[in-house]
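K.L.:
Quick one: the structure is below, and I'll ask about it shortly.
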Amino acid sequence: MKTLCAAGTVFAACTALRWYLDRTSRQDTFCCKGRIRVTGCRNAGAAFGLPVPEKALEPLAAAAFGSIWALRRHSPLGAGLALGGGASNLWERSRYGAVFDYVQFPSAPKPWNRYVFNLADFAILAGGAALAAGRKGKER
């Protein structure tokens, strides 16, 4: 139940933030002394703009969701973050053909300063880290 609540919350937050930031009247802004730029761009590729073969999207998504669901008992919150972020990106890609990214770190070291992320990406990263940290070995 914790996993589904976390996944639903992440999905709703990602959808609401995308709706709010994807307006024609919004302008790019900088915060944290120019370290973070809130911008807007569409990413039709996968991670870091790599191309996505359309026929491979559904099987890859199913395998990822199944794997995360299998690990949910080790970290229910981590699984919920990863599932919610993944579902949000998958929904955007299936509905709009691209993911809307909006957070950039211009003062990060190259080449990381050119990549743009979204909340779902951060949720997937945090969820994966929590799943990795929460994985327990078998006790004897």
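A note on labels: chains of the structure tokens are A, B, ... as shown, every chain counts residues from 1, and ligands are counted from 1 in their shown order.
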Could you name the residues that touch Arg23 in chain A at 12 Å or less, counting only C-alpha atoms, but leaving out those on the same chain fewer than 5 positions away, as an MDAnalysis selection string?

P.N.:
chainID A and resid 17:18 28 39:41 100 102

K.L.:
Leaving out range 5-12 of chain A and any residue of its chain fewer than 6 positions from it, which residues lie within 10 Å of it when counting only C-alpha atoms, given as number ranges by chain?

P.N.:
A: 18, 76-89, 91, 119-120, 123-124

K.L.:
Give me a file of those residues, with C-alpha atoms, as a compact mmCIF listing (two decimals), in the first residue's frame.

P.N.:
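So result39.txt came out as:
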# COMPACT_ATOMS: atom_id res chain seq x y z
CA ARG A 18 4.43 19.76 -15.91
CA PRO A 76 8.39 0.45 -0.35
CA LEU A 77 9.04 4.18 -0.59
CA GLY A 78 11.93 3.70 -3.03
CA ALA A 79 9.81 1.44 -5.21
CA GLY A 80 6.98 3.98 -5.11
CA LEU A 81 9.29 6.82 -6.15
CA ALA A 82 10.74 4.81 -9.04
CA LEU A 83 7.35 3.52 -10.19
CA GLY A 84 5.67 6.92 -9.97
CA GLY A 85 8.48 8.68 -11.83
CA GLY A 86 8.61 5.97 -14.47
CA ALA A 87 4.84 5.99 -14.92
CA SER A 88 4.87 9.77 -15.27
CA ASN A 89 7.56 9.75 -17.95
CA TRP A 91 2.50 8.59 -19.69
CA LEU A 119 10.79 15.84 -11.32
CA ALA A 120 10.11 12.30 -12.52
CA ALA A 123 12.10 10.51 -8.35
CA ILE A 124 13.49 7.61 -10.40

K.L.:
Between A:Ile36, A:Cys31, A:Leu71, A:Ala13, which residue has the minimum interatomic distance to Gly128 in chain A, considering only C-alpha atoms?

P.N.:
A:Leu71

K.L.:
Nearest residue to Val103 in chain A out of A:Ala130, A:Val38, A:Met1, A:Cys14, using only C-alpha atoms?

P.N.:
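Ranked by minimum distance to Val103 in chain A, first place goes to A:Val38.
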
K.L.:
Check the DSSP output for the backbone and give back, as a PyMOL selection string, the residues of range 36-140 of chain A in strand (DSSP E).

P.N.:
chain A and resi 36-43+99-104+116-117

K.L.:
Deliver the residues from the most recent selection as a file, using C-alpha atoms, as a PDB file, in the first residue's frame.

P.N.:
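Contents of the output file out05.pdb:
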ATOM      1  CA  ILE A  36      19.660  26.024 -11.118  1.00  0.00           C
ATOM      2  CA  ARG A  37      17.816  27.117 -14.238  1.00  0.00           C
ATOM      3  CA  VAL A  38      14.109  26.444 -14.667  1.00  0.00           C
ATOM      4  CA  THR A  39      13.570  26.202 -18.394  1.00  0.00           C
ATOM      5  CA  GLY A  40      11.407  24.113 -20.679  1.00  0.00           C
ATOM      6  CA  CYS A  41      12.218  21.675 -23.467  1.00  0.00           C
ATOM      7  CA  ARG A  42      10.844  18.493 -24.959  1.00  0.00           C
ATOM      8  CA  ASN A  43      12.951  15.343 -24.860  1.00  0.00           C
ATOM      9  CA  VAL A  99       8.905  14.174 -22.040  1.00  0.00           C
ATOM     10  CA  PHE A 100       8.832  17.789 -20.825  1.00  0.00           C
ATOM     11  CA  ASP A 101      12.100  18.562 -19.005  1.00  0.00           C
ATOM     12  CA  TYR A 102      12.607  21.787 -17.070  1.00  0.00           C
ATOM     13  CA  VAL A 103      15.493  21.709 -14.539  1.00  0.00           C
ATOM     14  CA  GLN A 104      19.049  22.425 -15.662  1.00  0.00           C
ATOM     15  CA  VAL A 116      17.812  19.087 -18.582  1.00  0.00           C
ATOM     16  CA  PHE A 117      15.793  16.962 -16.133  1.00  0.00           C
TER      17      PHE A 117
END

K.L.:
Please report the interatomic distance between CA of Gly97 in chain A and CA of Gly45 in chain A in Å with one decimal.

P.N.:
9.4 Å

K.L.:
Of the candidates A:Ala132, A:Ala98, A:Ala44, A:Leu21, which shows the shortest atom-to-atom distance to Ile68 in chain A, using only C-alpha atoms?

P.N.:
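Closest to Ile68 in chain A, using only C-alpha atoms: A:Ala132.
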
K.L.:
Between CA of Thr29 in chain A and CA of Ser94 in chain A, what is the distance in Å, rounded to a tenth?

P.N.:
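A separation of 28.4 Å between them.
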
K.L.:
Would you mind reading off the distance between CA of His74 in chain A and CA of Leu125 in chain A, one decimal, in Å?

P.N.:
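Interatomic distance, CA of His74 in chain A to CA of Leu125 in chain A: 16.3 Å.
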
K.L.:
Per DSSP on the backbone, filter range 18-138 of chain A down to the residues in alpha helix (DSSP H) and report them as a ChimeraX atom specification.

P.N.:
/A:18-21,54-70,76-96,119-134
